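Q: One structure follows; several queries about it will come next.
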Amino acid sequence: DKLGMSRCWAIHTRQGNELGPKDANDALQANVSLEELVNSAYGMVSQDIVSVESLRDDVMQLVLNPYQGAGAPIPKWPNFAKVLGGHRAGEVTVFSGKTGAGKTTWLSQYSLELADQGIPQLWGSFEVQNLRLIAKMLQQVAKSPPNELSTAQLHQHMDKLEALPLHFMRFHGTTGVDTVIDVMEFAAYAHDVQHVIIDNLQFMTAEIRSRDKFDLHDYALNRFRKFATEKGVHVSLVIHPRKEDDDTALSTASVFGSAKATQEADNVLLLQSSHLSRDVDIKKNRFSGQLGKVKFHFNPASLCYEELQEDESSFNP
């Protein structure tokens, strides 16, 4: 029978002294106490392996308080927060919707809601220029078209917007994944950013030959997944869907790329748009498993999404 790592113990005979004895024989010759060396031995346990014992307290906490891990609330969207379980750190959300459905506008309001609670945001807006994105946010904060406000009123709302913990990458158009990750790591360290929005992932593969697109797409997903887990930062990835008929509702299979995108994600949200309403269809929710559609009314004057009543939405346990 093999001895097994659990029965092995390590002893450092040098005890932190580079000139100390290299082994037990040298220790004996140097009159070093072998008893003290043995007492200083430590178990050969891998840092990448855990046991039930080491996780016992955390497991009991989870079982006794299953919703303790729920994320930050979203006061203006209580139905959405109720189904999703709030905004949680260290997760990856895939957000998709057809062209013109309002993905950037919805995410803009979402980031404002989180920033208003003191959660620092970082935008990687590769499709919409930062100036236009911030102008959109200004209209959402003011809840009125800019041309209906005086210059003084605009400055007041801009002051409110400027006070929020919002940060923006300078990139626009096609940008390398590694470059973006470098900026995200800096922002997490220097600005304590807790939520990163990437709009959208396709801009990182735009100039790649078609046979290499999926490989780079998967590489990018791996990098974002690793960043979210290691840094404890929530990453929201906008991924355009495959081409679908205008009257066909999106599904998880509609998300562009390989199945890896929806497999790696903790949450998959699809913005379903119709002439009657715009629904956020929660297709995956790793936290609680609760799925369903949350119905919104879009106000073009304020560029804001307003939740409809809970009985108008459909939830599945």
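In the structure tokens, the first chain shown is A, the next is B, and so on; residue numbers restart at 1 for each chain, and ligands run from 1 in the order shown.
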Would you list the contacts of Asn222 in chain A as a PyMOL selection string, taking every protein, DNA or RNA residue within 12 Å and counting only C-alpha atoms, but skipping same-chain residues closer than 6 positions in sequence?
A: chain A and resi 92+177-178+181+215-216+228-229+260-261+263-265
Q: Could you save those same residues with N, CA, C and O atoms as a PDB file, in the first residue's frame?
A:
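Result file is selection_17.pdb:
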```
ATOM      1  N   VAL A  92     -20.372  35.784 -13.561  1.00  0.00           N
ATOM      2  CA  VAL A  92     -20.373  36.200 -14.966  1.00  0.00           C
ATOM      3  C   VAL A  92     -21.799  36.123 -15.485  1.00  0.00           C
ATOM      4  O   VAL A  92     -22.463  35.091 -15.341  1.00  0.00           O
ATOM      5  N   VAL A 177      -8.304  41.079 -26.142  1.00  0.00           N
ATOM      6  CA  VAL A 177      -8.815  40.593 -24.857  1.00  0.00           C
ATOM      7  C   VAL A 177      -7.822  40.868 -23.733  1.00  0.00           C
ATOM      8  O   VAL A 177      -8.192  41.349 -22.664  1.00  0.00           O
ATOM      9  N   ASP A 178      -6.553  40.553 -23.968  1.00  0.00           N
ATOM     10  CA  ASP A 178      -5.544  40.713 -22.921  1.00  0.00           C
ATOM     11  C   ASP A 178      -5.398  42.166 -22.499  1.00  0.00           C
ATOM     12  O   ASP A 178      -5.190  42.462 -21.310  1.00  0.00           O
ATOM     13  N   ILE A 181      -8.330  42.943 -20.227  1.00  0.00           N
ATOM     14  CA  ILE A 181      -8.159  42.322 -18.911  1.00  0.00           C
ATOM     15  C   ILE A 181      -7.173  43.121 -18.068  1.00  0.00           C
ATOM     16  O   ILE A 181      -7.375  43.313 -16.860  1.00  0.00           O
ATOM     17  N   ASP A 215     -12.368  29.950 -31.359  1.00  0.00           N
ATOM     18  CA  ASP A 215     -11.269  29.706 -30.422  1.00  0.00           C
ATOM     19  C   ASP A 215     -10.979  30.959 -29.600  1.00  0.00           C
ATOM     20  O   ASP A 215     -10.805  30.880 -28.376  1.00  0.00           O
ATOM     21  N   LEU A 216     -10.919  32.119 -30.263  1.00  0.00           N
ATOM     22  CA  LEU A 216     -10.650  33.363 -29.542  1.00  0.00           C
ATOM     23  C   LEU A 216     -11.820  33.729 -28.641  1.00  0.00           C
ATOM     24  O   LEU A 216     -11.637  34.247 -27.530  1.00  0.00           O
ATOM     25  N   ALA A 228     -13.282  37.165 -12.979  1.00  0.00           N
ATOM     26  CA  ALA A 228     -14.426  37.316 -12.073  1.00  0.00           C
ATOM     27  C   ALA A 228     -14.239  36.491 -10.808  1.00  0.00           C
ATOM     28  O   ALA A 228     -14.481  36.973  -9.695  1.00  0.00           O
ATOM     29  N   THR A 229     -13.775  35.257 -10.964  1.00  0.00           N
ATOM     30  CA  THR A 229     -13.606  34.361  -9.820  1.00  0.00           C
ATOM     31  C   THR A 229     -12.472  34.815  -8.912  1.00  0.00           C
ATOM     32  O   THR A 229     -12.625  34.866  -7.688  1.00  0.00           O
ATOM     33  N   LYS A 260     -19.997  27.215 -24.865  1.00  0.00           N
ATOM     34  CA  LYS A 260     -19.181  27.585 -23.715  1.00  0.00           C
ATOM     35  C   LYS A 260     -19.674  28.856 -23.046  1.00  0.00           C
ATOM     36  O   LYS A 260     -19.596  29.001 -21.829  1.00  0.00           O
ATOM     37  N   ALA A 261     -20.199  29.800 -23.848  1.00  0.00           N
ATOM     38  CA  ALA A 261     -20.645  31.084 -23.294  1.00  0.00           C
ATOM     39  C   ALA A 261     -21.705  30.880 -22.226  1.00  0.00           C
ATOM     40  O   ALA A 261     -21.605  31.412 -21.110  1.00  0.00           O
ATOM     41  N   GLN A 263     -22.458  27.988 -20.800  1.00  0.00           N
ATOM     42  CA  GLN A 263     -22.001  27.033 -19.796  1.00  0.00           C
ATOM     43  C   GLN A 263     -21.170  27.720 -18.728  1.00  0.00           C
ATOM     44  O   GLN A 263     -21.304  27.450 -17.532  1.00  0.00           O
ATOM     45  N   GLU A 264     -20.283  28.627 -19.132  1.00  0.00           N
ATOM     46  CA  GLU A 264     -19.403  29.317 -18.192  1.00  0.00           C
ATOM     47  C   GLU A 264     -20.169  30.346 -17.354  1.00  0.00           C
ATOM     48  O   GLU A 264     -19.784  30.654 -16.230  1.00  0.00           O
ATOM     49  N   ALA A 265     -21.232  30.907 -17.919  1.00  0.00           N
ATOM     50  CA  ALA A 265     -21.963  31.985 -17.244  1.00  0.00           C
ATOM     51  C   ALA A 265     -22.707  31.491 -16.015  1.00  0.00           C
ATOM     52  O   ALA A 265     -23.201  30.360 -15.972  1.00  0.00           O
TER      53      ALA A 265
END
```
Q: Leaving out Leu112 in chain A and any residue of its chain fewer than 2 positions from it, which residues lie within 12 Å of it when counting only C-alpha atoms, given as number ranges by chain?
A: A: 74-76, 105-110, 114-123, 133-134, 136-141, 160-167, 195, 197, 304
Q: Would you work out the distance separating CA of Val235 in chain A from CA of Thr93 in chain A, expressed in Å to one decimal?
A: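 Distance reported for this atom pair: 6.3 Å.
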Q: Taking the chain letters and numbering used in this document, name the residues of range 184-271 of chain A that DSSP puts in strand (DSSP E or B), as a PyMOL selection string.
A: chain A and resi 195-199+234-238+241+255+267-271
Q: Considering only C-alpha atoms, can you say which of A:Ala89, A:Ala27, A:Val255, A:Val180 comes closest to Arg223 in chain A?
A: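 Of all the options, A:Val180 lies closest to Arg223 in chain A.
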Q: Kindly indicate which residue among A:Leu28, A:Lys284, A:Tyr42, A:Ala135 lies nearest to Arg7 in chain A, using only C-alpha atoms for the distances.
A: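 Closest to Arg7 in chain A, using only C-alpha atoms: A:Tyr42.
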